[in-house]
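J.: Before I ask anything, here is the structure I am working with.
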Amino acid sequence: MDLTKFALYTSLAAITYLMLLAWQEDYPSIVDTGSINQQSPPPLTLSSPQADDIPREVPTSSQPVNQPLISSVDVNGSTGESTTDIIQISTDTLQLSIDLTGGDIVGLSLPKYLKQLDVIDDPFVILESSTDRNYVAQSGLIGQNGVDTSGRALYRAEFDSYELQEDANSLQVDLVNTQQNGVTVTKRFSFKRDSYLIDIDFLIQNNTETNWQANAFGQIRRNNFDDPSSVGGFGRTFLGFVTTSTDDPYIKIEFDDIDGRSESVETPGGWVGFSQHYFLSAWIPNQESVNRFTTRKNESGQYLGEFTGSAFSVPANSSGNYQIQFYAGPKDQYSLAEISPNLDLTIDYGFLWFLAAPIYWLLTRIDSVIGNYGVSIILLTFFVKALFYKLSETQYKSMAGMRRLMPKMQQIKDRYGDDKMGLQKATMDLYKKEKINPFGGCLPMLVQMPVFIALYWVLMESVELRHAPFIGWLIDLSVRDPFFILPLLMGATMFLQTKLSPAPADPMQAKVMQLMPVMMTALFLWFPAGLVLYWLTNGLLGILQQWYITSKIEAAYAAK
């Protein structure tokens with residue numbers, strides 16, 4: 001290449017790079033923010049649920065722990081006094097706003113997870129109730145004597161705000177509703193330090209002479225707005241409702257699936273939640289009850305995922321307790337597995353979960369020692385490469401053999417010309433004579449691909465990657481490289497690997513292989529930096545392996 005061409009190509013590359021930086025500055029991506037401005041969130045807009053907001057039917061159960069409720073319950077909307085009183089609850093992991101009308105969670109944020117990395121004291125918001133974004137968690141008691149049957153229950157609390165003290169490991173908040181007939185319902189929220197799981201107990205004091213009976217319900221109500229925790233670019237993760245059943249351990253339900261129809265399933269135990277990238281909210285009903293799980297859309301255009309439990313009763317002049325749970329927090333695989341069966345499947349590794357799970361385990365073990373997620377990704381890639389070293393050796397031996405045969409193959413092409421049958425037979429005879437498997441370079445790669453794909457999904461789904469720093473300019477591995485350095489380096493390694501590999505015999509295929517590094521670089525410009533770091537490390541190790549193995553092979557041939 002002459003000096004003029006070199007200067008032109010260099011200038012073009014520099015201009016393209018500067019344009020990418022300028023484009024990023026003019027059109028920054030919205031990452032993990034929920035809102036790009038730093039103003040206080042809009043004031044809460046609250047209303048009592050309408051008739052279609054509360055489950056209309058309650059399942060029956062033959063289990064001895066629950067009394068069956070034969071008839072369906074219709075909700076006639078809100079009656080009585082309404083209130084917009086909100087109490088605030090703060091723990092080390094959660095900040096909640098609870099509406100005393102119904103005792104619903106209308107706001108929830110995570111102080112340990114920021115909206116933006118460079119803005120302190122601005123926690124990531126999961127639940128909120130505003131004009132544009134409505135995402136709340138409601139629960140209550142319906143049925144024969146349920147306090148939410150004819151309208152939402154009005155609770156009272158002793159204080160306006162509650163806080164988990166530094167020397168305490170738990171916090172209880174009681175909301176009390178006293179009925180005129182002598183029944184007192186206490187809705188107790190229990191929090192534990194270092195936990196995102198909330199225990200919600202309905203404590204019933206039945207001071208009447210008759211049996212008291214109701215069904216617990218819980219629902220997640222959300223309108224259709226974008227995922228605030230999405231990293232953008234390619235590889236978007238699932239956004240929608242999730243649940244489980246005895247027939248299918250993990251059911252994903254998108255908004256489009258709910259439009260125009262309602263779906264229900266009954267199962268013992270179970271859970272229903274809403275999944276977004278890195279975070280999850282989920283209701284976990286009483287596991288000894290048969291529960292009905294439903295997804296539907298109400299008249300206001302809001303989407304609901306809900307459960308209704310079997311009826312439970314409290315005898316006359318006695319007390320009783322019924323517990324449900326609510327989770328709102330990060331998708332921590334091991335914590336979710338302890339809460340309820342199959343809840344950890346919301347960390348969706350797809351059909352390669354059986355490979356992804358041990359990879360995630362190894363990555364977390366490495367990071368527990370290293371303490372830097374970027375370094376942990378590099379070490380994990382080293383481990384995977386070492387695991388497949390023998391396969392890579394087979395692949396590079398085949399490639400070296402093919403390169404050595406290139407002159408002889410060219411001679412065969414010149415000899416047979418347009419005689420395709422003769423050319424094919426002579427080529428196969430040459431492979432047989434030289435003991436070369438033309439597919440030897442492809443098969444090892446195909447065997448390794450499932451592991452590499454599983455590793456990709458592990459890095460894509462790991463909440464640990466969010467806001468995790470590496471070195472220098474890479475302060476958040478869950479978003480794209482702000483200066484595109486990693487993708488460009490990755491493209492350079494792919495280009496070098498292409499040059500080290502024997503060129504395909506087909507000219508069109510050879511051109512495609514030459515364009516592949518450019519296409520992959522353009523694609524990876526928008527990928528999270530942690531994923532690009534993995535591919536870059538994998539490429540560098542591949543070059544070192546290929547150089548080392550090829551050198552050994554060529555030395556062995558030279559010694560013959």
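Each chain of the structure tokens is named A, B, ... in the order shown, its residues numbered from 1; ligands are numbered from 1 in display order.
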May I have the residues within 8 Å of Thr208 of chain A as a list of chain:residue names, using only C-alpha atoms and disregarding those fewer than 3 positions away in the same chain?
T.: A:Asn181, A:Gly182, A:Val183, A:Asn211, A:Ala316, A:Asn317
J.: Output all heavy atoms of each residue in that selection to a file, as a PDB file, in the first residue's frame.
T.:
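So out.pdb came out as:
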```pdb
ATOM      1  N   ASN A 181     -68.495  -4.107  62.972  1.00  0.00           N
ATOM      2  CA  ASN A 181     -69.075  -5.332  63.538  1.00  0.00           C
ATOM      3  C   ASN A 181     -68.166  -5.996  64.572  1.00  0.00           C
ATOM      4  O   ASN A 181     -68.457  -7.090  65.045  1.00  0.00           O
ATOM      5  CB  ASN A 181     -69.385  -6.331  62.413  1.00  0.00           C
ATOM      6  CG  ASN A 181     -68.122  -6.717  61.631  1.00  0.00           C
ATOM      7  OD1 ASN A 181     -67.027  -6.269  61.943  1.00  0.00           O
ATOM      8  ND2 ASN A 181     -68.301  -7.540  60.615  1.00  0.00           N
ATOM      9  N   GLY A 182     -67.004  -5.371  64.872  1.00  0.00           N
ATOM     10  CA  GLY A 182     -66.127  -5.923  65.888  1.00  0.00           C
ATOM     11  C   GLY A 182     -64.950  -6.706  65.358  1.00  0.00           C
ATOM     12  O   GLY A 182     -64.205  -7.311  66.135  1.00  0.00           O
ATOM     13  N   VAL A 183     -64.743  -6.707  64.061  1.00  0.00           N
ATOM     14  CA  VAL A 183     -63.588  -7.380  63.457  1.00  0.00           C
ATOM     15  C   VAL A 183     -62.492  -6.349  63.209  1.00  0.00           C
ATOM     16  O   VAL A 183     -62.739  -5.284  62.645  1.00  0.00           O
ATOM     17  CB  VAL A 183     -63.973  -8.075  62.138  1.00  0.00           C
ATOM     18  CG1 VAL A 183     -62.736  -8.671  61.472  1.00  0.00           C
ATOM     19  CG2 VAL A 183     -65.017  -9.151  62.398  1.00  0.00           C
ATOM     20  N   ASN A 211     -68.519 -17.103  62.143  1.00  0.00           N
ATOM     21  CA  ASN A 211     -67.275 -17.422  61.445  1.00  0.00           C
ATOM     22  C   ASN A 211     -66.937 -16.298  60.447  1.00  0.00           C
ATOM     23  O   ASN A 211     -67.814 -15.761  59.773  1.00  0.00           O
ATOM     24  CB  ASN A 211     -67.433 -18.752  60.713  1.00  0.00           C
ATOM     25  CG  ASN A 211     -66.141 -19.225  60.087  1.00  0.00           C
ATOM     26  OD1 ASN A 211     -65.157 -19.434  60.785  1.00  0.00           O
ATOM     27  ND2 ASN A 211     -66.147 -19.397  58.781  1.00  0.00           N
ATOM     28  N   ALA A 316     -65.364 -17.776  65.308  1.00  0.00           N
ATOM     29  CA  ALA A 316     -65.919 -16.723  66.158  1.00  0.00           C
ATOM     30  C   ALA A 316     -65.080 -16.547  67.423  1.00  0.00           C
ATOM     31  O   ALA A 316     -64.527 -17.510  67.971  1.00  0.00           O
ATOM     32  CB  ALA A 316     -67.361 -17.066  66.528  1.00  0.00           C
ATOM     33  N   ASN A 317     -64.930 -15.283  67.844  1.00  0.00           N
ATOM     34  CA  ASN A 317     -64.222 -14.933  69.079  1.00  0.00           C
ATOM     35  C   ASN A 317     -62.807 -15.535  69.129  1.00  0.00           C
ATOM     36  O   ASN A 317     -62.370 -16.083  70.139  1.00  0.00           O
ATOM     37  CB  ASN A 317     -65.018 -15.377  70.305  1.00  0.00           C
ATOM     38  CG  ASN A 317     -66.340 -14.655  70.429  1.00  0.00           C
ATOM     39  OD1 ASN A 317     -66.386 -13.411  70.371  1.00  0.00           O
ATOM     40  ND2 ASN A 317     -67.430 -15.413  70.546  1.00  0.00           N
TER      41      ASN A 317
END
```
J.: Ranking A:Trp283, A:Tyr278, A:Tyr303, A:Tyr322 by minimum distance to Gln138 of chain A and counting only C-alpha atoms, which one comes first?
T.: A:Trp283
J.: Need the shell around Phe202 of chain A: protein/DNA/RNA residues with any atom at most 7 Å away, counting only C-alpha atoms. Skip same-chain ones fewer than 2 positions apart. Format as a list in words?
T.: Val185, Thr186, Lys187, Arg188, Ile200, Ile204, Asn321, Tyr322 and Gln323 of chain A
J.: Any chance you could export the current selection's N, CA, C and O atoms as a PDB file, in the first residue's frame?
T.:
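Writing done, so here's again_35.pdb:
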```
ATOM      1  N   VAL A 185     -58.779  -5.885  61.393  1.00  0.00           N
ATOM      2  CA  VAL A 185     -57.812  -6.435  60.438  1.00  0.00           C
ATOM      3  C   VAL A 185     -56.546  -5.591  60.505  1.00  0.00           C
ATOM      4  O   VAL A 185     -56.583  -4.377  60.298  1.00  0.00           O
ATOM      5  N   THR A 186     -55.445  -6.242  60.811  1.00  0.00           N
ATOM      6  CA  THR A 186     -54.145  -5.577  60.831  1.00  0.00           C
ATOM      7  C   THR A 186     -53.309  -6.093  59.661  1.00  0.00           C
ATOM      8  O   THR A 186     -53.081  -7.294  59.540  1.00  0.00           O
ATOM      9  N   LYS A 187     -52.896  -5.172  58.813  1.00  0.00           N
ATOM     10  CA  LYS A 187     -52.030  -5.514  57.681  1.00  0.00           C
ATOM     11  C   LYS A 187     -50.602  -5.172  58.090  1.00  0.00           C
ATOM     12  O   LYS A 187     -50.223  -3.999  58.165  1.00  0.00           O
ATOM     13  N   ARG A 188     -49.815  -6.202  58.369  1.00  0.00           N
ATOM     14  CA  ARG A 188     -48.474  -6.008  58.926  1.00  0.00           C
ATOM     15  C   ARG A 188     -47.412  -6.222  57.853  1.00  0.00           C
ATOM     16  O   ARG A 188     -47.358  -7.284  57.222  1.00  0.00           O
ATOM     17  N   ILE A 200     -46.004  -9.935  54.333  1.00  0.00           N
ATOM     18  CA  ILE A 200     -47.247  -9.186  54.577  1.00  0.00           C
ATOM     19  C   ILE A 200     -48.229 -10.135  55.238  1.00  0.00           C
ATOM     20  O   ILE A 200     -48.675 -11.112  54.627  1.00  0.00           O
ATOM     21  N   ILE A 204     -56.157 -11.217  61.805  1.00  0.00           N
ATOM     22  CA  ILE A 204     -57.617 -11.058  61.957  1.00  0.00           C
ATOM     23  C   ILE A 204     -57.996 -11.294  63.420  1.00  0.00           C
ATOM     24  O   ILE A 204     -57.707 -12.358  63.983  1.00  0.00           O
ATOM     25  N   ASN A 321     -54.216 -15.667  61.282  1.00  0.00           N
ATOM     26  CA  ASN A 321     -53.149 -14.998  60.544  1.00  0.00           C
ATOM     27  C   ASN A 321     -53.002 -15.648  59.178  1.00  0.00           C
ATOM     28  O   ASN A 321     -53.057 -16.872  59.055  1.00  0.00           O
ATOM     29  N   TYR A 322     -52.837 -14.812  58.150  1.00  0.00           N
ATOM     30  CA  TYR A 322     -52.615 -15.319  56.794  1.00  0.00           C
ATOM     31  C   TYR A 322     -51.491 -14.506  56.185  1.00  0.00           C
ATOM     32  O   TYR A 322     -51.546 -13.270  56.159  1.00  0.00           O
ATOM     33  N   GLN A 323     -50.461 -15.186  55.662  1.00  0.00           N
ATOM     34  CA  GLN A 323     -49.274 -14.479  55.184  1.00  0.00           C
ATOM     35  C   GLN A 323     -49.086 -14.637  53.676  1.00  0.00           C
ATOM     36  O   GLN A 323     -49.269 -15.717  53.111  1.00  0.00           O
TER      37      GLN A 323
END
```
J.: Contacts of Ile485 of chain A at 10 Å or less, counting only C-alpha atoms, minus same-chain residues fewer than 6 places along, as a PyMOL selection string?
T.: chain A and resi 17+473-474+491+525+529+532
J.: Figure out the distance between atom CA of Thr237 of chain A and atom CA of Met460 of chain A, please, to one decimal in Å.
T.: 8.2 Å
J.: Nearest to Phe159 of chain A among A:Leu100, A:Pro330, A:Phe388, A:Gln448, with distances taken over only C-alpha atoms: which residue is it?
T.: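 Using only C-alpha atoms, Phe159 of chain A sits closest to A:Leu100.
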J.: For the atom pair atom CA of Ser229 of chain A and atom CA of Tyr456 of chain A, what is the interatomic distance in Å to one decimal place?
T.: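 That distance, rounded to one decimal, is 18.4 Å.
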J.: Taking only C-alpha atoms into account, which of A:Gly240, A:Pro111, A:Gly273, A:Gly151 comes nearest Asp194 of chain A?
T.: A:Pro111
J.: Nearest to Tyr334 of chain A among A:Tyr360, A:Leu164, A:Ile453, A:Met513, with distances taken over only C-alpha atoms: which residue is it?
T.: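 With only C-alpha atoms as the atom set, the closest residue is A:Tyr360.
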J.: Please return as a ChimeraX atom specification: the residues of segment 274-331 of chain A that backbone DSSP assigns to strand (DSSP E or B).
T.: /A:274-276,279-284,290-297,303-309,312-314,318-330
J.: Write a file of the just-selected residues containing N, CA, C and O atoms, as a compact mmCIF listing (two decimals), in the first residue's frame.
T.:
```
# COMPACT_ATOMS: atom_id res chain seq x y z
N PHE A 274 -43.46 -9.30 37.65
CA PHE A 274 -43.17 -8.51 36.46
C PHE A 274 -41.66 -8.41 36.33
O PHE A 274 -40.96 -8.00 37.27
N SER A 275 -41.17 -8.80 35.16
CA SER A 275 -39.72 -8.90 34.94
C SER A 275 -39.24 -7.80 33.99
O SER A 275 -39.88 -7.50 32.99
N GLN A 276 -38.12 -7.20 34.36
CA GLN A 276 -37.43 -6.27 33.49
C GLN A 276 -35.94 -6.55 33.62
O GLN A 276 -35.53 -7.40 34.41
N PHE A 279 -34.08 -6.39 37.22
CA PHE A 279 -34.93 -6.24 38.39
C PHE A 279 -36.26 -6.98 38.23
O PHE A 279 -36.72 -7.23 37.12
N LEU A 280 -36.85 -7.30 39.38
CA LEU A 280 -38.08 -8.10 39.41
C LEU A 280 -38.97 -7.65 40.54
O LEU A 280 -38.48 -7.31 41.63
N SER A 281 -40.27 -7.63 40.29
CA SER A 281 -41.26 -7.52 41.38
C SER A 281 -42.15 -8.75 41.29
O SER A 281 -42.51 -9.17 40.18
N ALA A 282 -42.50 -9.33 42.43
CA ALA A 282 -43.27 -10.58 42.40
C ALA A 282 -44.07 -10.76 43.67
O ALA A 282 -43.58 -10.48 44.78
N TRP A 283 -45.30 -11.24 43.48
CA TRP A 283 -46.12 -11.68 44.60
C TRP A 283 -45.93 -13.18 44.79
O TRP A 283 -46.02 -13.95 43.83
N ILE A 284 -45.68 -13.57 46.04
CA ILE A 284 -45.56 -14.99 46.39
C ILE A 284 -46.66 -15.29 47.40
O ILE A 284 -46.55 -14.93 48.58
N VAL A 290 -54.16 -23.29 47.24
CA VAL A 290 -54.34 -23.34 45.79
C VAL A 290 -54.67 -21.93 45.33
O VAL A 290 -55.63 -21.32 45.81
N ASN A 291 -53.87 -21.39 44.42
CA ASN A 291 -53.99 -20.00 44.03
C ASN A 291 -54.30 -19.90 42.54
O ASN A 291 -53.84 -20.70 41.74
N ARG A 292 -55.10 -18.90 42.22
CA ARG A 292 -55.40 -18.62 40.82
C ARG A 292 -54.56 -17.43 40.38
O ARG A 292 -54.58 -16.37 41.00
N PHE A 293 -53.82 -17.62 39.26
CA PHE A 293 -52.98 -16.56 38.71
C PHE A 293 -53.59 -16.09 37.40
O PHE A 293 -53.91 -16.90 36.52
N THR A 294 -53.74 -14.79 37.26
CA THR A 294 -54.42 -14.21 36.12
C THR A 294 -53.63 -13.03 35.57
O THR A 294 -53.05 -12.25 36.33
N THR A 295 -53.59 -12.91 34.25
CA THR A 295 -53.10 -11.70 33.60
C THR A 295 -54.23 -11.13 32.76
O THR A 295 -54.92 -11.86 32.07
N ARG A 296 -54.40 -9.82 32.82
CA ARG A 296 -55.51 -9.20 32.10
C ARG A 296 -55.24 -7.71 31.92
O ARG A 296 -54.25 -7.18 32.45
N LYS A 297 -56.10 -7.08 31.19
CA LYS A 297 -56.02 -5.63 30.94
C LYS A 297 -57.33 -4.99 31.35
O LYS A 297 -58.40 -5.47 30.98
N TYR A 303 -52.20 -2.99 32.60
CA TYR A 303 -52.01 -4.44 32.58
C TYR A 303 -51.83 -4.93 34.01
O TYR A 303 -51.14 -4.31 34.82
N LEU A 304 -52.47 -6.08 34.29
CA LEU A 304 -52.45 -6.62 35.64
C LEU A 304 -51.99 -8.07 35.63
O LEU A 304 -52.42 -8.86 34.79
N GLY A 305 -51.11 -8.39 36.55
CA GLY A 305 -50.76 -9.76 36.87
C GLY A 305 -51.09 -9.98 38.33
O GLY A 305 -50.63 -9.23 39.19
N GLU A 306 -51.92 -10.99 38.62
CA GLU A 306 -52.46 -11.08 39.97
C GLU A 306 -52.64 -12.53 40.41
O GLU A 306 -52.62 -13.46 39.59
N PHE A 307 -52.79 -12.68 41.69
CA PHE A 307 -53.17 -13.98 42.24
C PHE A 307 -54.36 -13.78 43.16
O PHE A 307 -54.56 -12.70 43.75
N THR A 308 -55.17 -14.81 43.30
CA THR A 308 -56.23 -14.87 44.31
C THR A 308 -56.10 -16.20 45.02
O THR A 308 -56.09 -17.25 44.38
N GLY A 309 -56.00 -16.17 46.33
CA GLY A 309 -55.81 -17.38 47.10
C GLY A 309 -57.13 -18.03 47.48
O GLY A 309 -58.21 -17.43 47.39
N PHE A 312 -59.71 -18.55 53.46
CA PHE A 312 -59.30 -18.97 54.81
C PHE A 312 -60.30 -18.37 55.80
O PHE A 312 -60.95 -17.36 55.50
N SER A 313 -60.45 -19.01 56.92
CA SER A 313 -61.47 -18.58 57.87
C SER A 313 -60.90 -18.43 59.27
O SER A 313 -59.87 -19.03 59.62
N VAL A 314 -61.58 -17.61 60.07
CA VAL A 314 -61.24 -17.40 61.48
C VAL A 314 -62.51 -17.63 62.29
O VAL A 314 -63.52 -16.96 62.07
N SER A 318 -62.12 -15.43 68.02
CA SER A 318 -60.73 -15.92 67.97
C SER A 318 -59.94 -15.08 66.98
O SER A 318 -60.47 -14.17 66.35
N SER A 319 -58.67 -15.39 66.86
CA SER A 319 -57.80 -14.64 65.96
C SER A 319 -57.15 -15.58 64.95
O SER A 319 -57.08 -16.80 65.17
N GLY A 320 -56.70 -15.02 63.86
CA GLY A 320 -56.05 -15.81 62.82
C GLY A 320 -55.04 -14.97 62.06
O GLY A 320 -55.00 -13.74 62.16
N ASN A 321 -54.22 -15.67 61.28
CA ASN A 321 -53.15 -15.00 60.54
C ASN A 321 -53.00 -15.65 59.18
O ASN A 321 -53.06 -16.87 59.05
N TYR A 322 -52.84 -14.81 58.15
CA TYR A 322 -52.62 -15.32 56.79
C TYR A 322 -51.49 -14.51 56.18
O TYR A 322 -51.55 -13.27 56.16
N GLN A 323 -50.46 -15.19 55.66
CA GLN A 323 -49.27 -14.48 55.18
C GLN A 323 -49.09 -14.64 53.68
O GLN A 323 -49.27 -15.72 53.11
N ILE A 324 -48.73 -13.54 53.03
CA ILE A 324 -48.25 -13.54 51.66
C ILE A 324 -46.93 -12.79 51.64
O ILE A 324 -46.53 -12.18 52.65
N GLN A 325 -46.23 -12.82 50.52
CA GLN A 325 -44.93 -12.16 50.44
C GLN A 325 -44.83 -11.37 49.14
O GLN A 325 -45.47 -11.71 48.14
N PHE A 326 -44.01 -10.32 49.19
CA PHE A 326 -43.76 -9.51 48.00
C PHE A 326 -42.27 -9.26 47.88
O PHE A 326 -41.61 -8.88 48.85
N TYR A 327 -41.75 -9.50 46.67
CA TYR A 327 -40.34 -9.26 46.40
C TYR A 327 -40.20 -8.13 45.40
O TYR A 327 -40.90 -8.09 44.38
N ALA A 328 -39.30 -7.22 45.67
CA ALA A 328 -38.99 -6.15 44.73
C ALA A 328 -37.51 -5.83 44.87
O ALA A 328 -37.07 -5.29 45.89
N GLY A 329 -36.74 -6.19 43.84
CA GLY A 329 -35.30 -5.97 43.94
C GLY A 329 -34.56 -6.56 42.76
O GLY A 329 -35.15 -6.87 41.71
N PRO A 330 -33.27 -6.72 42.92
CA PRO A 330 -32.44 -7.24 41.83
C PRO A 330 -32.69 -8.72 41.58
O PRO A 330 -33.14 -9.45 42.47
```
J.: May I have the residues within 7 Å of Leu154 of chain A as a list in words, using only C-alpha atoms and disregarding those fewer than 5 positions away in the same chain?
T.: Leu100, Thr101, Gly102 and Asn177 of chain A
